[in-house]
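Asker: After the structure tokens below, expect a handful of questions from me.
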Amino acid sequence: MPKALITGVTGQDGSYLAEFLLEKGYEVIGMVRRSSTVNFGRINHIQDQITIVPGDLLDQMSLVEILQEHHPDEVYNLAAQSFVPTSWNQPVFTGEVTALGVTRMLDAIRMVDPTIKFYQASSSEMFGKVREVPQNENTPFYPRSPYGVAKVYGHWITVNYRESYNMFACSGILFNHESPRRGLEFVTRKVTHGVAKIKLGLANELRLGNLESRRDWGYAGDYVRAMWLMLQQPEPGDYVVGTGETHSVRELCEVAFSYVGLDWRDYVVQDPRFYRPAEVDLLVSDPRKAREVLGWEPTVSFEELIHMMVDADLKLLEKENG
């Protein structure tokens, strides 16, 4: 039975990856930060099938101890301070976790067992002020937030350890991937949850920032399969993962509101408070390498994803409000 360690197992991606690996017959070790308020909501249904261990990307010895005790075959590093707007308010913390945390994990692997296969969750936010459209594995990075800068460091330190120590270390440059498990602070979930509230009479407006910002949005459940496929290849490498399509926040609103029979223009209010200090206007992937080498394809369309999220939020709010 193969064994995998997932950092950030309680997050959106961690929960889908844990499900996927369990179905593949893996023993799954899930790392969580020591906290009095750990939220296991996303993994409640599989928690009894996972070994939960305390650890922290800020504490390298905790990582070493986990690796020594559990001897995983694969490590998926999904933990990060991952909300872009927060990275301006907490840039040093974002750097410590999202950048240096990767180094701590890689170095722990190097010391304990350098044959462990490593996956690093890189991000399309590394492209930022894009140098070319669409973006592929060779597109230069130009991050536009402390989060994006930290992810660039994490990406290159992964490459560096791969080349310096001959480690099987991969980076998945994942474009935006969403689901009903997405946090409420992210714009897709903010929109679908807001639509559900308005439809149920629990709100009368939805405040958003830049409606013209464009992203390549896919389904998180599809993207964790790409993570696993990277670690099954004969050689390590880096892969762009996305749908190859781009949609604006305005389109997101149109799809979500029209699904419940409403006109988004009657409810959406643009609020300057939600604009970024440095905006990323357009991200769209060129996932040909993932398609050709990994055999990976997305299975859920943009419209299907948004409809899925609206349905889930309607069900959640109906349950919460009787």
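Each chain in the structure tokens gets a letter, A, B and so on, in the order shown; residues start at 1 in every chain, and ligands are counted from 1 in the order they appear.
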Please report, as JSON lines, each residue of range 146-226 of chain A lying at most 9 Å from range 18-41 of chain A, together with the nearest pair of atoms and the separation in Å rounded to one decimal; use only C-alpha atoms, and order rows by chain and ascending residue number.
Answerer:
```
{"residue": "A:Gly221", "atom": "CA", "partner": "A:Phe20", "partner_atom": "CA", "distance": 8.5}
{"residue": "A:Val224", "atom": "CA", "partner": "A:Phe20", "partner_atom": "CA", "distance": 7.6}
{"residue": "A:Arg225", "atom": "CA", "partner": "A:Phe20", "partner_atom": "CA", "distance": 7.4}
```
Asker: Produce a file of the selected residues containing all heavy atoms, as a short mmCIF file (atom, residue, chain, number, x, y, z; two decimals), in the first residue's frame.
Answerer:
```cif
data_model
loop_
_atom_site.label_atom_id
_atom_site.label_comp_id
_atom_site.auth_asym_id
_atom_site.auth_seq_id
_atom_site.Cartn_x
_atom_site.Cartn_y
_atom_site.Cartn_z
N GLY A 221 -11.67 19.10 -8.19
CA GLY A 221 -11.65 17.65 -8.23
C GLY A 221 -10.89 17.09 -9.42
O GLY A 221 -10.29 16.01 -9.34
N VAL A 224 -6.67 17.69 -8.74
CA VAL A 224 -5.88 16.83 -7.86
C VAL A 224 -5.41 15.57 -8.61
O VAL A 224 -4.37 15.00 -8.28
CB VAL A 224 -6.65 16.46 -6.57
CG1 VAL A 224 -6.98 17.71 -5.77
CG2 VAL A 224 -7.91 15.65 -6.87
N ARG A 225 -6.18 15.17 -9.62
CA ARG A 225 -5.75 14.02 -10.44
C ARG A 225 -4.45 14.35 -11.17
O ARG A 225 -3.58 13.49 -11.31
CB ARG A 225 -6.88 13.67 -11.42
CG ARG A 225 -6.61 12.51 -12.33
CD ARG A 225 -7.91 12.00 -12.97
NE ARG A 225 -8.80 13.09 -13.34
CZ ARG A 225 -8.78 13.71 -14.52
NH1 ARG A 225 -7.93 13.35 -15.44
NH2 ARG A 225 -9.66 14.68 -14.79
#
```
Asker: Just list the residues in range 132-322 of chain A DSSP gives strand (DSSP E or B) on the backbone, as an MDAnalysis selection string.
Answerer: chainID A and resid 135 169:174 177:178 206:208 214:215 218:219 238:241 247:248 268:270 282 285
Asker: Please dump the current selection as a CSV table (one decimal), in the first residue's frame; keep C-alpha atoms.
Answerer:
```
chain,number,residue,atom,x,y,z
A,135,GLN,CA,0.9,31.0,-20.3
A,169,ALA,CA,10.4,17.1,-7.1
A,170,CYS,CA,7.6,18.4,-9.3
A,171,SER,CA,5.6,21.7,-9.4
A,172,GLY,CA,2.1,21.9,-10.7
A,173,ILE,CA,1.4,25.5,-11.9
A,174,LEU,CA,-2.3,25.3,-11.3
A,177,HIS,CA,-9.6,25.8,-9.5
A,178,GLU,CA,-12.9,26.0,-7.6
A,206,LEU,CA,-23.5,41.5,-3.8
A,207,ARG,CA,-20.4,43.8,-3.5
A,208,LEU,CA,-17.5,42.9,-5.8
A,214,ARG,CA,-10.3,37.4,-16.3
A,215,ARG,CA,-9.3,33.9,-15.0
A,218,GLY,CA,-11.6,24.8,-13.5
A,219,TYR,CA,-12.9,22.2,-11.0
A,238,ASP,CA,6.8,21.0,-14.0
A,239,TYR,CA,3.3,21.3,-15.5
A,240,VAL,CA,0.8,24.0,-16.3
A,241,VAL,CA,-2.7,22.7,-15.4
A,247,HIS,CA,-13.8,34.1,-18.2
A,248,SER,CA,-14.3,37.5,-16.6
A,268,VAL,CA,-24.1,43.5,-8.1
A,269,VAL,CA,-22.4,46.6,-6.7
A,270,GLN,CA,-18.8,47.4,-7.6
A,282,LEU,CA,-5.7,38.2,-17.4
A,285,SER,CA,-3.3,28.5,-19.4
```
Asker: Interatomic distance between CA of Ser87 in chain A and CA of Arg42 in chain A?
Answerer: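 If I compute the distance from CA of Ser87 in chain A to CA of Arg42 in chain A, I get 23.5 Å.
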Asker: Range 110-264 of chain A: which residues are helix (DSSP H, G or I) by DSSP, as an MDAnalysis selection string?
Answerer: chainID A and resid 110:112 124:126 146:165 187:199 220:230 249:259 264
Asker: Excluding Met61 in chain A and residues on its chain fewer than 2 positions from it, collect all residues at most 12 Å away from it, counting only C-alpha atoms, and give them as a VMD selection string.
Answerer: chain A and resid 54 to 59 63 to 68 101 104 to 105 107 to 109 111 to 112
Asker: How about saving the chosen residues, N, CA and C atoms kept, as a JSON list (two decimals), in the first residue's frame?
Answerer:
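Listed below is the output, part-v7.json:
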```json
[["chain", "number", "residue", "atom", "x", "y", "z"],
["A", 54, "PRO", "N", 0.02, 16.41, 13.72],
["A", 54, "PRO", "CA", 0.31, 17.84, 13.87],
["A", 54, "PRO", "C", 1.67, 18.18, 13.27],
["A", 55, "GLY", "N", 1.72, 19.30, 12.57],
["A", 55, "GLY", "CA", 2.97, 19.76, 11.98],
["A", 55, "GLY", "C", 2.80, 21.17, 11.47],
["A", 56, "ASP", "N", 3.90, 21.83, 11.16],
["A", 56, "ASP", "CA", 3.82, 23.23, 10.77],
["A", 56, "ASP", "C", 4.97, 23.55, 9.81],
["A", 57, "LEU", "N", 4.65, 24.18, 8.70],
["A", 57, "LEU", "CA", 5.68, 24.58, 7.74],
["A", 57, "LEU", "C", 6.63, 25.63, 8.30],
["A", 58, "LEU", "N", 6.29, 26.22, 9.44],
["A", 58, "LEU", "CA", 7.19, 27.16, 10.10],
["A", 58, "LEU", "C", 8.19, 26.45, 11.01],
["A", 59, "ASP", "N", 8.00, 25.16, 11.23],
["A", 59, "ASP", "CA", 8.80, 24.39, 12.19],
["A", 59, "ASP", "C", 9.37, 23.16, 11.50],
["A", 63, "LEU", "N", 8.41, 18.68, 10.73],
["A", 63, "LEU", "CA", 8.35, 18.01, 9.43],
["A", 63, "LEU", "C", 9.27, 16.79, 9.42],
["A", 64, "VAL", "N", 10.47, 16.97, 9.96],
["A", 64, "VAL", "CA", 11.42, 15.86, 10.04],
["A", 64, "VAL", "C", 10.82, 14.71, 10.84],
["A", 65, "GLU", "N", 10.20, 15.02, 11.97],
["A", 65, "GLU", "CA", 9.63, 13.98, 12.83],
["A", 65, "GLU", "C", 8.50, 13.22, 12.13],
["A", 66, "ILE", "N", 7.66, 13.95, 11.37],
["A", 66, "ILE", "CA", 6.58, 13.28, 10.63],
["A", 66, "ILE", "C", 7.15, 12.32, 9.60],
["A", 67, "LEU", "N", 8.16, 12.77, 8.86],
["A", 67, "LEU", "CA", 8.76, 11.93, 7.83],
["A", 67, "LEU", "C", 9.44, 10.70, 8.43],
["A", 68, "GLN", "N", 10.11, 10.90, 9.56],
["A", 68, "GLN", "CA", 10.80, 9.78, 10.21],
["A", 68, "GLN", "C", 9.81, 8.76, 10.75],
["A", 101, "GLY", "N", 8.42, 27.87, 3.75],
["A", 101, "GLY", "CA", 7.85, 26.59, 4.16],
["A", 101, "GLY", "C", 8.17, 25.47, 3.18],
["A", 104, "ARG", "N", 11.69, 24.32, 3.88],
["A", 104, "ARG", "CA", 11.77, 23.49, 5.08],
["A", 104, "ARG", "C", 11.33, 22.06, 4.78],
["A", 105, "MET", "N", 10.28, 21.90, 4.00],
["A", 105, "MET", "CA", 9.81, 20.56, 3.68],
["A", 105, "MET", "C", 10.80, 19.84, 2.77],
["A", 107, "ASP", "N", 13.98, 20.34, 2.51],
["A", 107, "ASP", "CA", 15.20, 20.02, 3.25],
["A", 107, "ASP", "C", 14.97, 18.87, 4.23],
["A", 108, "ALA", "N", 13.76, 18.81, 4.79],
["A", 108, "ALA", "CA", 13.42, 17.69, 5.67],
["A", 108, "ALA", "C", 13.45, 16.39, 4.88],
["A", 109, "ILE", "N", 12.90, 16.41, 3.67],
["A", 109, "ILE", "CA", 12.92, 15.22, 2.81],
["A", 109, "ILE", "C", 14.36, 14.85, 2.46],
["A", 111, "MET", "N", 17.03, 15.33, 4.15],
["A", 111, "MET", "CA", 17.71, 14.79, 5.32],
["A", 111, "MET", "C", 17.20, 13.40, 5.70],
["A", 112, "VAL", "N", 15.88, 13.19, 5.61],
["A", 112, "VAL", "CA", 15.29, 11.93, 6.08],
["A", 112, "VAL", "C", 15.33, 10.85, 5.01]]
```
Asker: Can you build me a table of range 235-268 of chain A residues sitting at most 10 Å from range 193-204 of chain A, with the closest atom pair per residue and its distance in Å to one decimal, using only C-alpha atoms, sorted by chain and residue number, as a Markdown table?
Answerer:
```
| residue | atom | partner | partner_atom | distance |
| --- | --- | --- | --- | --- |
| A:Cys253 | CA | A:Val195 | CA | 8.5 |
| A:Ala256 | CA | A:Val195 | CA | 6.8 |
| A:Phe257 | CA | A:Val195 | CA | 6.1 |
| A:Ser258 | CA | A:Val195 | CA | 9.6 |
| A:Tyr259 | CA | A:Val195 | CA | 9.4 |
| A:Val260 | CA | A:Lys199 | CA | 7.0 |
| A:Gly261 | CA | A:Lys199 | CA | 8.7 |
| A:Leu262 | CA | A:Lys199 | CA | 8.0 |
| A:Trp264 | CA | A:Val195 | CA | 8.7 |
| A:Asp266 | CA | A:Asn204 | CA | 9.1 |
| A:Tyr267 | CA | A:Asn204 | CA | 6.5 |
| A:Val268 | CA | A:Asn204 | CA | 9.1 |
```
Asker: When you count only C-alpha atoms, which of these residues is closest to Pro91 in chain A: A:Tyr153, A:Tyr147, A:Phe141, A:Trp228?
Answerer: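 The closest residue to Pro91 in chain A is A:Tyr147.
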Asker: List the spatial neighbours of Ser145 in chain A as a list in words - criterion: any atom at most 10 Å away, only C-alpha atoms, same-chain residues fewer than 6 positions off excluded.
Answerer: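 Here the qualifying residues turn out to be Val84, Pro85, Thr86, Ser87, Trp88, Pro91, Glu125, Met126, Gly128, Lys151, Arg276, Pro277, Ala278, Glu279 and Val280 of chain A.
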Asker: Next, dump the selected residues to file, keeping only N, CA, C and O atoms, as a PDB file, in the first residue's frame.
Answerer:
```
ATOM      1  N   VAL A  84      -4.930  35.698  -1.766  1.00  0.00           N
ATOM      2  CA  VAL A  84      -4.093  36.767  -2.316  1.00  0.00           C
ATOM      3  C   VAL A  84      -4.265  38.101  -1.576  1.00  0.00           C
ATOM      4  O   VAL A  84      -3.268  38.726  -1.198  1.00  0.00           O
ATOM      5  N   PRO A  85      -5.503  38.600  -1.347  1.00  0.00           N
ATOM      6  CA  PRO A  85      -5.627  39.895  -0.653  1.00  0.00           C
ATOM      7  C   PRO A  85      -4.958  39.917   0.725  1.00  0.00           C
ATOM      8  O   PRO A  85      -4.384  40.943   1.126  1.00  0.00           O
ATOM      9  N   THR A  86      -4.998  38.816   1.456  1.00  0.00           N
ATOM     10  CA  THR A  86      -4.364  38.767   2.771  1.00  0.00           C
ATOM     11  C   THR A  86      -2.853  38.916   2.672  1.00  0.00           C
ATOM     12  O   THR A  86      -2.204  39.391   3.613  1.00  0.00           O
ATOM     13  N   SER A  87      -2.289  38.539   1.535  1.00  0.00           N
ATOM     14  CA  SER A  87      -0.830  38.592   1.411  1.00  0.00           C
ATOM     15  C   SER A  87      -0.296  40.025   1.456  1.00  0.00           C
ATOM     16  O   SER A  87       0.873  40.234   1.784  1.00  0.00           O
ATOM     17  N   TRP A  88      -1.126  41.017   1.139  1.00  0.00           N
ATOM     18  CA  TRP A  88      -0.678  42.413   1.290  1.00  0.00           C
ATOM     19  C   TRP A  88      -0.718  42.840   2.756  1.00  0.00           C
ATOM     20  O   TRP A  88       0.097  43.638   3.183  1.00  0.00           O
ATOM     21  N   PRO A  91       2.444  40.206   4.547  1.00  0.00           N
ATOM     22  CA  PRO A  91       3.434  39.781   3.552  1.00  0.00           C
ATOM     23  C   PRO A  91       4.554  38.930   4.138  1.00  0.00           C
ATOM     24  O   PRO A  91       5.038  37.998   3.478  1.00  0.00           O
ATOM     25  N   GLU A 125      -0.785  32.625 -10.269  1.00  0.00           N
ATOM     26  CA  GLU A 125      -0.518  33.990  -9.809  1.00  0.00           C
ATOM     27  C   GLU A 125       0.952  34.354  -9.985  1.00  0.00           C
ATOM     28  O   GLU A 125       1.312  35.530  -9.923  1.00  0.00           O
ATOM     29  N   MET A 126       1.816  33.378 -10.208  1.00  0.00           N
ATOM     30  CA  MET A 126       3.225  33.661 -10.469  1.00  0.00           C
ATOM     31  C   MET A 126       3.395  34.422 -11.784  1.00  0.00           C
ATOM     32  O   MET A 126       4.341  35.179 -11.955  1.00  0.00           O
ATOM     33  N   GLY A 128       1.199  36.683 -13.032  1.00  0.00           N
ATOM     34  CA  GLY A 128       0.830  38.061 -12.715  1.00  0.00           C
ATOM     35  C   GLY A 128       0.577  38.949 -13.910  1.00  0.00           C
ATOM     36  O   GLY A 128      -0.400  38.808 -14.643  1.00  0.00           O
ATOM     37  N   LYS A 151       5.069  32.337  -4.066  1.00  0.00           N
ATOM     38  CA  LYS A 151       4.898  31.133  -4.870  1.00  0.00           C
ATOM     39  C   LYS A 151       6.029  30.970  -5.887  1.00  0.00           C
ATOM     40  O   LYS A 151       6.441  29.843  -6.198  1.00  0.00           O
ATOM     41  N   ARG A 276      -7.566  45.125  -5.907  1.00  0.00           N
ATOM     42  CA  ARG A 276      -6.213  44.832  -5.441  1.00  0.00           C
ATOM     43  C   ARG A 276      -5.305  46.045  -5.645  1.00  0.00           C
ATOM     44  O   ARG A 276      -5.500  46.810  -6.597  1.00  0.00           O
ATOM     45  N   PRO A 277      -4.268  46.218  -4.793  1.00  0.00           N
ATOM     46  CA  PRO A 277      -3.291  47.292  -5.021  1.00  0.00           C
ATOM     47  C   PRO A 277      -2.606  47.166  -6.385  1.00  0.00           C
ATOM     48  O   PRO A 277      -2.317  48.163  -7.041  1.00  0.00           O
ATOM     49  N   ALA A 278      -2.318  45.953  -6.819  1.00  0.00           N
ATOM     50  CA  ALA A 278      -1.760  45.704  -8.151  1.00  0.00           C
ATOM     51  C   ALA A 278      -2.584  44.582  -8.773  1.00  0.00           C
ATOM     52  O   ALA A 278      -2.535  43.445  -8.311  1.00  0.00           O
ATOM     53  N   GLU A 279      -3.340  44.908  -9.790  1.00  0.00           N
ATOM     54  CA  GLU A 279      -4.309  43.959 -10.348  1.00  0.00           C
ATOM     55  C   GLU A 279      -3.643  42.991 -11.326  1.00  0.00           C
ATOM     56  O   GLU A 279      -2.701  43.338 -12.029  1.00  0.00           O
ATOM     57  N   VAL A 280      -4.135  41.772 -11.335  1.00  0.00           N
ATOM     58  CA  VAL A 280      -3.796  40.788 -12.361  1.00  0.00           C
ATOM     59  C   VAL A 280      -5.005  40.706 -13.282  1.00  0.00           C
ATOM     60  O   VAL A 280      -6.069  40.246 -12.880  1.00  0.00           O
TER      61      VAL A 280
END
```
Asker: Fewer than 3 positions away in the same chain doesn't count, so skip those; otherwise give me all residues within 9 Å of range 287-296 of chain A, counting only C-alpha atoms, as number ranges by chain.
Answerer: A: 135-137, 222-223, 225-226, 229-230, 232-233, 239-244
Asker: Do you know which residues are at most 8 Å from Arg110 in chain A counting only C-alpha atoms, after dropping those on the same chain fewer than 4 positions away, and could you put them as a PyMOL selection string?
Answerer: chain A and resi 106+114+165+167
Asker: Take the residues that were just selected and, keeping N, CA and C atoms, output them as a compact mmCIF listing (two decimals), in the first residue's frame.
Answerer:
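In the end it all went to result_26.txt:
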```txt
# COMPACT_ATOMS: atom_id res chain seq x y z
N LEU A 106 11.30 20.52 1.75
CA LEU A 106 12.27 19.91 0.85
C LEU A 106 13.53 19.49 1.61
N PRO A 114 15.74 11.16 0.67
CA PRO A 114 15.66 11.92 -0.57
C PRO A 114 14.99 11.17 -1.73
N TYR A 165 20.03 18.00 -5.80
CA TYR A 165 20.09 16.76 -5.02
C TYR A 165 19.46 15.57 -5.74
N MET A 167 16.48 15.01 -6.61
CA MET A 167 15.23 14.61 -5.97
C MET A 167 14.10 14.58 -7.00
```
